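Working notes for the structure below.
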Amino acid sequence: MSVGTTRPGFTSTLARRLLQLELILLILCAACVPFAGRLLSVEDPLERADAIFVLAGSRVERWLEARDLFNERYAPLILLSPGQPTEVESGLVRQGVNLPNEAEVARDALTTLGVPADRIGILEGFPDNTADEGEHLRSYALSRKWRAVIVVTSKLHTRRAALAMRRALDGAPIRIVIRSTRYDDTDPARWWQRRRTIREVMTELPKLVAYALGLGA
């Protein structure tokens with residue numbers, strides 16, 4: 001047998017072992033499926049803080065939670081993230097169209113619901129993702145000497161939000177308290193029973209892996 005020639009028996013054995021490995025991985029993935037929702041959902045015990053920071057990405061559920069926490073006196077200020085406008089939205093604004101961003105809509109609704117306007121702030125700039133929201137929060141909170149911030153988001157976003165916020169504020173004397181909104185009717189333990197939560201889990205899992213690897217998109 002010449003050098004570099006692969007023995008047929010060796011090739012078939014390698015292929016068989018690779019197939020076995022793939023099957024094992026598939027079985028492990030299937031076994032972990034019921035726990036995916038619980039993996040993505042985490043929450044800290046509530047405590048009093050300097051502000052309630054509402055992450056962008058939800059129409060009403062997140063800022064409604066902030067309203068309740070404010071009324072329950074967990075913090076004297078609600079800080080809203082404006083999110084990132086699309087190119088189409090930015091183009092309409094440049095044309096003079098009055099198009100309130102997500103935070104402005106939430107602010108107006110909150111004042112209508114009784115939250116004083118001077119107790120609502122909007123984060124400057126337009127953070128592009130959760131990690132970017134954490135970086136913006138760091139600057140905002142440090143400039144005001146805050147010691148604790150309650151971060152409100154949706155249930156299946158809490159794990160990634162916690163990772164992003166704590167990484168962004170690493171080294172800063174600011175505690176992060178992760179809170180999921182009570183208006184989110186998702187059941188992390190039975191996430192596969194609804195089409196919407198299936199989409200959320202399939203979106204969140206790769207993003208969580210990316211954040212864990214430091215990619216933070």
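Residue numbers start at 1 in each chain; chains themselves are named A, B, ... in the order of the structure tokens; ligands are numbered from 1 in the order shown.
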Could you name the residues that touch segment 137-145 of chain A at 10 Å or less, counting only C-alpha atoms, but leaving out those on the same chain fewer than 2 positions away, as an NGL selection string?
-> :A and (50-51 or 53 or 79 or 81 or 123-124 or 127 or 131-135 or 147-149 or 165-166 or 168-170 or 172-174)
Per DSSP on the backbone, what are the strand (DSSP E or B) residues of segment 39-208 of chain A, as a PyMOL selection string?
-> chain A and resi 51-54+78-80+120-122+148-153+175-180
Could you pull out the residues in chain A that DSSP calls helix (DSSP H, G or I) from the backbone, as a PyMOL selection string?
-> chain A and resi 8-40+61-71+87-94+102-112+117-119+130-143+155-168+188-193+195-212
Who sits within 12 Å of Val209 of chain A, only C-alpha atoms, same chain under 4 positions skipped, as number ranges by chain = A: 39-40, 159-160, 163-164, 202-205, 213-217
Coordinates-based distance that separates atom CA of Leu64 of chain A from atom CA of Leu156 of chain A (Å, one decimal) =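 Between atom CA of Leu156 of chain A and atom CA of Leu64 of chain A the gap works out to 17.1 Å.
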Counting only C-alpha atoms, figure out which residue out of A:Ala36, A:Val151, A:Ile122, A:Ile198 gets nearest to Ala103 of chain A.
->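 So, comparing all the options, the nearest one is A:Ile122.
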Compile the contact shell of Ala66 of chain A as a VMD selection string: residues with an atom at most 12 Å away, counting only C-alpha atoms, same-chain residues fewer than 2 positions apart removed.
-> chain A and resid 51 to 55 60 to 64 68 to 80 106 to 107 110 113 115 119 to 120 149 to 154 179 to 183
Rounded to one decimal in Å, what is the spacing between atom CA of Glu43 of chain A and atom CA of Ala162 of chain A?
-> 8.8 Å
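Among the candidate residues A:Asp44, A:Glu200, A:Asp128, A:Asp108, the one lying nearest to Pro85 of chain A is A:Asp128, with distances computed using only C-alpha atoms.
Near Asp187 of chain A, within 10 Å and counting only C-alpha atoms, sit Gly37, Arg38, Ser41, Lys155, Leu156, Trp191, Trp192, Gln193, Arg194 and Thr197 of chain A, not including residues fewer than 4 positions from it in the same chain.
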N, CA, C and O atoms of the current selection, written as a PDB file, in the first residue's frame:
```pdb
ATOM      1  N   GLY A  37     -36.348  26.948  27.544  1.00  0.00           N
ATOM      2  CA  GLY A  37     -37.023  28.138  28.045  1.00  0.00           C
ATOM      3  C   GLY A  37     -36.537  28.541  29.424  1.00  0.00           C
ATOM      4  O   GLY A  37     -36.327  29.726  29.707  1.00  0.00           O
ATOM      5  N   ARG A  38     -36.334  27.551  30.280  1.00  0.00           N
ATOM      6  CA  ARG A  38     -35.849  27.836  31.633  1.00  0.00           C
ATOM      7  C   ARG A  38     -34.411  28.343  31.603  1.00  0.00           C
ATOM      8  O   ARG A  38     -34.013  29.171  32.431  1.00  0.00           O
ATOM      9  N   SER A  41     -34.501  32.046  30.886  1.00  0.00           N
ATOM     10  CA  SER A  41     -35.240  32.880  31.839  1.00  0.00           C
ATOM     11  C   SER A  41     -34.563  32.885  33.201  1.00  0.00           C
ATOM     12  O   SER A  41     -34.305  31.833  33.787  1.00  0.00           O
ATOM     13  N   LYS A 155     -39.383  37.708  29.512  1.00  0.00           N
ATOM     14  CA  LYS A 155     -38.896  36.526  30.227  1.00  0.00           C
ATOM     15  C   LYS A 155     -37.758  35.814  29.497  1.00  0.00           C
ATOM     16  O   LYS A 155     -36.718  35.501  30.095  1.00  0.00           O
ATOM     17  N   LEU A 156     -37.942  35.535  28.206  1.00  0.00           N
ATOM     18  CA  LEU A 156     -36.948  34.768  27.466  1.00  0.00           C
ATOM     19  C   LEU A 156     -35.743  35.598  27.052  1.00  0.00           C
ATOM     20  O   LEU A 156     -34.802  35.068  26.457  1.00  0.00           O
ATOM     21  N   TRP A 191     -42.491  26.300  26.624  1.00  0.00           N
ATOM     22  CA  TRP A 191     -42.306  27.249  25.525  1.00  0.00           C
ATOM     23  C   TRP A 191     -42.678  26.669  24.175  1.00  0.00           C
ATOM     24  O   TRP A 191     -43.046  27.398  23.245  1.00  0.00           O
ATOM     25  N   TRP A 192     -42.598  25.348  24.006  1.00  0.00           N
ATOM     26  CA  TRP A 192     -42.853  24.712  22.706  1.00  0.00           C
ATOM     27  C   TRP A 192     -44.342  24.624  22.364  1.00  0.00           C
ATOM     28  O   TRP A 192     -44.704  24.211  21.259  1.00  0.00           O
ATOM     29  N   GLN A 193     -45.217  25.031  23.276  1.00  0.00           N
ATOM     30  CA  GLN A 193     -46.647  24.896  23.036  1.00  0.00           C
ATOM     31  C   GLN A 193     -47.243  26.068  22.254  1.00  0.00           C
ATOM     32  O   GLN A 193     -48.413  26.027  21.866  1.00  0.00           O
ATOM     33  N   ARG A 194     -46.455  27.118  22.039  1.00  0.00           N
ATOM     34  CA  ARG A 194     -46.963  28.284  21.312  1.00  0.00           C
ATOM     35  C   ARG A 194     -45.984  28.672  20.210  1.00  0.00           C
ATOM     36  O   ARG A 194     -44.768  28.655  20.418  1.00  0.00           O
ATOM     37  N   THR A 197     -43.545  31.669  21.099  1.00  0.00           N
ATOM     38  CA  THR A 197     -42.417  31.380  21.991  1.00  0.00           C
ATOM     39  C   THR A 197     -41.409  30.439  21.343  1.00  0.00           C
ATOM     40  O   THR A 197     -40.228  30.483  21.667  1.00  0.00           O
TER      41      THR A 197
END
```
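Atom CA of Val42 of chain A sits 17.0 Å away from atom CA of Pro206 of chain A.
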Residue nearest Pro45 of chain A among A:Arg190, A:Gln84, A:Val177, A:Arg199 (counting only C-alpha atoms) |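 Looking only at the distances to Pro45 of chain A, the closest residue turns out to be A:Val177.
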